[in-house]
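S.K.: A single structure is presented below for examination.
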Amino acid sequence: DAKVPTAVTLIERLREENSIRQQLRDAVAASDLDALQAAIRLATSKRLPTPDEALSSAVALEKNLLALHKLRSEFSRALERKQPDQEELETLVGRSQASPVAENIAASPMADEFASLAARAQQVIADLVAAAAKRKKKEEQFQYAVQQLVAAIESREVDLLRSTVAKVSALRDDANNNDELVEQAKELIDTLERRAAALGTLTAVLGEKFPTRAALKKALGNPDVPQDAGERKEAEQLVQSIDAVVERLGERKDIDKLGSAIEDARALIEQDTDTEEWKALDKAMRNRDALVAERDARKALEAAMRSRTDSMLNQALRKAASAGVGGDDELIKNARSMQEDIGKESMVREQEVIQARRRQTVVDEQRRRATTLRTRGGRPPAPNQPPPPAPKSSSGGGAAVAEAQDTVSSLPESKTVDESELGVAEYESGPNRASVSVSMSALDRGKLIAELQAGYTVANMPQFELHRFPGLQSPAAFVKGLLFGKKSAKSTMLEFSKAVIPNPLTHLQPEMPTPAEVREHKVLAKQAVQMFKSIQGFMGDRHYSFPESLAHQVLEQALAKPLLRDELYCQLFKQLNRHPRRESVIRGWQLLGLACETFAPSDDFMNYFLHFVQTRCSDEAKVEDEEVHSYAMYCLTTLGHMLEQPPRTEAPSIEYIQSFKDRVMDTGSVFVYFLDGSAVKVPIDPTVTVAALLGMVWKKIGVKDPAGYALYEVQEGGVLEYLPEDKCVAECPTARSRGGKPLPPAQDAAAGDAVLLDTAATRFLVRKRMFLRSAAESAARAAEDPKETHLMYHQTVDEVSKGNLMVSPDDIVRLGALHRELCARKVVPPISSSFMDKSAGIISELTQRLPSAYVASGALTKKAFEERVAQFRASPVMQQPGTVTPVTYIQCVGAHPAFGAQFFTVQQSHSADYPQSMVVGVNKSGIYLLDWKTRALICHFPIQGVAGWKGTAATFVCRVQLALVQWYDRALGEKSKRKGLTTLYLKTVYGKTIAQLVKDYIAELVKQKKK
């Protein structure tokens, strides 16, 4: 009985434990976290004996559920953020899918919820990945735009800067902001615009006919005008010239200096304005007029005093009074004193004349009476017999008559002297001027051209001296209008004079002019006098700021008006005759040479021109002055070329006149080289142009159709400079060094190719510049012009050997075999047999080695190339007739798209689509881009798709239509579907050459289309 309560208590305890275990099992079965936690708390509070399976299962389940709830909360927080973290979401999804969490989720009632969360997370992750890719692309675009902006800043082009700034501004965001670079670009744009505006203002001021000093100062005061700008230097020089002229206008005494300053000022200062310069000029002109009036008045007084004529003294005194010469002047006093003496003498002389006339009247009356008496007596006086003297009267009448006769005979006879009787003695006393006029129209013009070099003997005759030229004015007509100094002006009519000529030297109007011709003569006369001033300015006898512009103006006027041509030559001959300054003489001969380049003398003046020039071409003249002798020979040679060529339509430019002064005025010869190493020696003189030089070359080697060929000058580093046809050969460095013989060709160790051109010295080289016919058309004409075919063959070999024309491996083997067979059989002789480089076989060395481009691309090795070339040479194909010919070689290469192109190495950094180093080829079909290393074709810009181009000494820019571009690179070909224009920026020293070549091809295509 004592143990029953204990048992009952134990039973109740066991029942309670079983109830708790049942609750735990139910909670575990329901996976209800709240019920599970309550049951566990109850079991813990009741101290359920451990270990207990139900309690352990409940505790483990609670832990898993808590973990799942935590994971769900993390999911919810990660998805609810404004900017979800991709890495966090990927971690949560990974945790939910990893074992045993995935099993717990699957077993829990939250499986659907977790599946939804995981799907949402995957979607968010995908969105984040897309946004990241978009941001990355935008970042790449932004970085590329920034690179373009940096390049635009370096180029300093406003339009390019605007577009790149807009692009960078559109692409930048909070993460990518280059505010400093953009601000720098904007500041640069603002600076460049202000600079352009300032330069525009300054250019506009300089473009005015008479820029004022105030306007120039105002434009120069703008701080945005660059210090190194050519316009600024020109404006500063002009301001200095105006200041110097204004300072010279203050001259008070020397009329010549003041007159020279006024003439210079008129060329710089606009008249009738309210500027300080015009006020100074107006004051100087009034001062000059006053000085001239005073000088003329004094000269008139002196002349009147020498003549001792009362009327002249009266007129001179009135003139002196109007000129402001004071009465206290010593000359005025002397003139008035002389006038009083002349008045007294005149009164005495009048009395004497009256008395003499009275006596003469008596004598005449006596004679009349005697004659009447004889007539009445039947004895008329004999013809032509003077009447007998009257008999003497006792009253002394005979003595009076004799005295009257003596007085009358002693009186001076009145005689009017014509100024035309006063002239140059030699001019007037020479042979009849009309009898020595030999017209060039009567001469054989072709014979004259042939004899010019040896000296035209007819022109050496004395009758062709300049003063015998019938077209000259008479000395009296030349000094017409001069008040003083006529005698001096007549004596120096054909000699150097510092003073300006009063009238033209030659007749500028016909003998019976019409009213229109009279008006034209007045205009021409003024231009002739102004022309003389310009000649003095160019020769340094008058001060002018820009003497070259004076020469250009003179030549332009004479070219436009043929009547002024002989006048110009006569004025030059006048100033070159007995000129005291040698420097001015040289400048005069330079202007004479320029005139001979521009126009020939008239037929009537030709012999007189030749006489003057040839007297300076003799050996004695060469010993006396070798430089003048060189210029004289140049004038004769130039005249020969002028007569052979069509007349010029434009005068030499100011730049050409400046370069003409530095030209070497002697003759010699140069070597012109071909690609096979041969050369031809060609004589040159200072007048020979590139076109004339090439004409002599073709004549020597026998080329019939040289269309497309050009002359190049090989400069240091092997750079080829194209020489335009109108360029003077004497100005080239090669001509000045007389084109020395070349050195053997060097080897380019880096590329493995033979370098054709000598880089040690400059030389002339002939190459075909423009291929206007296809290879098939050229082959068809091979028999008609074999020399031209050989030239094309050598150039084709050169381009293949350099790797510019990349053909297939089989074709390069065939070409190598063909060329070696041609060399071995000596099928192609040297272009010129007169001279051959010691390293004979320059071309043959080129293809004995495989071009490096094939090795770089892995298409062929050098060893395999040599083996296959040897096999091909031994094959029966090479033994067939007509196989080993230059035409076969040209036809094989002619299938290449870039055949006939001129190739240039370029660099680019503006586009990631193209390699940094490329080769540009230009032919009649368009522009080709090649990879520099492999020489593989990248793309082709057809000539019809070229919208614009520009070349400088350092760049070449081209705009092309994308729709017309032909792509050889597949990767780039996918972008060919784009429309619009694209701009290609290339860095190269051949920018101007490429631009000119594109222009010439387009011009040729337009010409062919018109035909």
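We name chains A, B, ... following the order of the structure tokens; residues begin at 1 in each chain, and ligands are numbered from 1 as shown.
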Report as a PDB file with C-alpha atoms, in the first residue's frame all protein, DNA and RNA residues lying within 10 Å of Ser497 of chain A, evaluated on only C-alpha atoms, omitting residues in the same chain fewer than 3 positions from it.
M.R.:
```pdb
ATOM      1  CA  SER A 488      68.841 116.111-119.544  1.00  0.00           C
ATOM      2  CA  ALA A 489      65.766 113.942-120.164  1.00  0.00           C
ATOM      3  CA  THR A 492      69.182 109.999-120.969  1.00  0.00           C
ATOM      4  CA  MET A 493      66.158 108.832-122.919  1.00  0.00           C
ATOM      5  CA  LEU A 494      67.742 105.393-123.463  1.00  0.00           C
ATOM      6  CA  VAL A 500      60.381 108.957-113.699  1.00  0.00           C
ATOM      7  CA  ILE A 501      59.934 109.087-117.441  1.00  0.00           C
ATOM      8  CA  GLN A 536      62.358 101.029-110.544  1.00  0.00           C
ATOM      9  CA  ASP A 541      65.802 102.271-107.377  1.00  0.00           C
ATOM     10  CA  LYS A 574      66.955 101.789-120.649  1.00  0.00           C
ATOM     11  CA  GLN A 575      67.459 101.031-116.956  1.00  0.00           C
ATOM     12  CA  LEU A 576      70.059  98.338-117.648  1.00  0.00           C
ATOM     13  CA  ASN A 577      72.111 100.728-119.780  1.00  0.00           C
ATOM     14  CA  ARG A 578      74.827 102.328-117.605  1.00  0.00           C
ATOM     15  CA  HIS A 579      73.167 101.563-114.298  1.00  0.00           C
TER      16      HIS A 579
END
```
S.K.: Check segment 10-120 of chain A with DSSP on the backbone and list each residue it calls alpha helix (DSSP H), as number ranges by chain.
M.R.: A: 10-30, 33-45, 53-80, 86-97, 101-107, 111-120
S.K.: Give me, as a PyMOL selection string, all polymer residues having an atom no more than 12 Å from Met918 of chain A, counting only C-alpha atoms and skipping those fewer than 3 positions away in the same chain.
M.R.: chain A and resi 804+903-909+914-915+921+928-939+985-988
S.K.: Have a look at A:His896, A:Ala632, A:Asp676, A:Arg295 and name the one nearest to Pro829 of chain A; count only C-alpha atoms.
M.R.: A:Asp676
S.K.: Kindly give the distance, in Å, that separates atom CA of Ala995 of chain A and atom CA of Gly708 of chain A, rounded to a single decimal.
M.R.: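 It comes out at 16.5 Å.
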S.K.: Go through segment 533-603 of chain A residue by residue and, counting only C-alpha atoms, keep those with an atom at most 9 Å from segment 504-521 of chain A; for each kept residue give the shortest atom pair and its distance in Å to one decimal, ordered by chain and increasing number, as a tab-separated table.
M.R.:
```
residue	atom	partner	partner_atom	distance
A:Leu563	CA	A:Leu508	CA	6.3
A:Leu564	CA	A:Leu508	CA	7.7
A:Asp566	CA	A:Thr506	CA	7.6
A:Glu567	CA	A:Thr506	CA	5.9
A:Cys570	CA	A:Leu505	CA	7.0
A:Gln571	CA	A:Leu505	CA	7.2
```
S.K.: Counting only C-alpha atoms, figure out which residue out of A:Pro502, A:Pro462, A:Gly803, A:Gly702 gets nearest to Asn607 of chain A.
M.R.: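 Nearest to Asn607 of chain A: A:Pro462.
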S.K.: Can you work out which one of A:Tyr673, A:Pro683, A:Asn334, A:Ala864 has the shortest atom-to-atom distance to Tyr712 of chain A, counting only C-alpha atoms?
M.R.: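 Checking each candidate against Tyr712 of chain A, we get A:Tyr673 as the closest.
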S.K.: Give me the residues within 10 Å of Glu53 of chain A as a PyMOL selection string, counting only C-alpha atoms and dropping any in the same chain fewer than 6 places off.
M.R.: chain A and resi 21+24-25+59
S.K.: For segment 163-167 of chain A, work out the shell of residues within 8 Å, counting only C-alpha atoms and skipping chain neighbours fewer than 3 positions away, then give it as a list in words.
M.R.: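 Counting only the stated atoms, we get Ala145, Val146, Gln148, Leu149, Ala152, Asp159, Leu160, Ala170, Leu171, Val182, Ala185 and Lys186 of chain A.
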S.K.: Pull C-alpha atoms from the residues just selected and write them as a CSV table (one decimal), in the first residue's frame.
M.R.:
```
chain,number,residue,atom,x,y,z
A,145,ALA,CA,34.3,58.3,-77.7
A,146,VAL,CA,36.9,59.6,-75.1
A,148,GLN,CA,38.1,60.2,-80.3
A,149,LEU,CA,37.8,63.3,-78.1
A,152,ALA,CA,40.1,65.6,-81.8
A,159,ASP,CA,33.8,70.4,-86.2
A,160,LEU,CA,35.4,67.2,-85.1
A,170,ALA,CA,25.5,61.7,-74.5
A,171,LEU,CA,27.3,58.5,-73.3
A,182,VAL,CA,35.0,67.6,-71.9
A,185,ALA,CA,37.5,70.3,-75.2
A,186,LYS,CA,34.8,72.9,-74.8
```
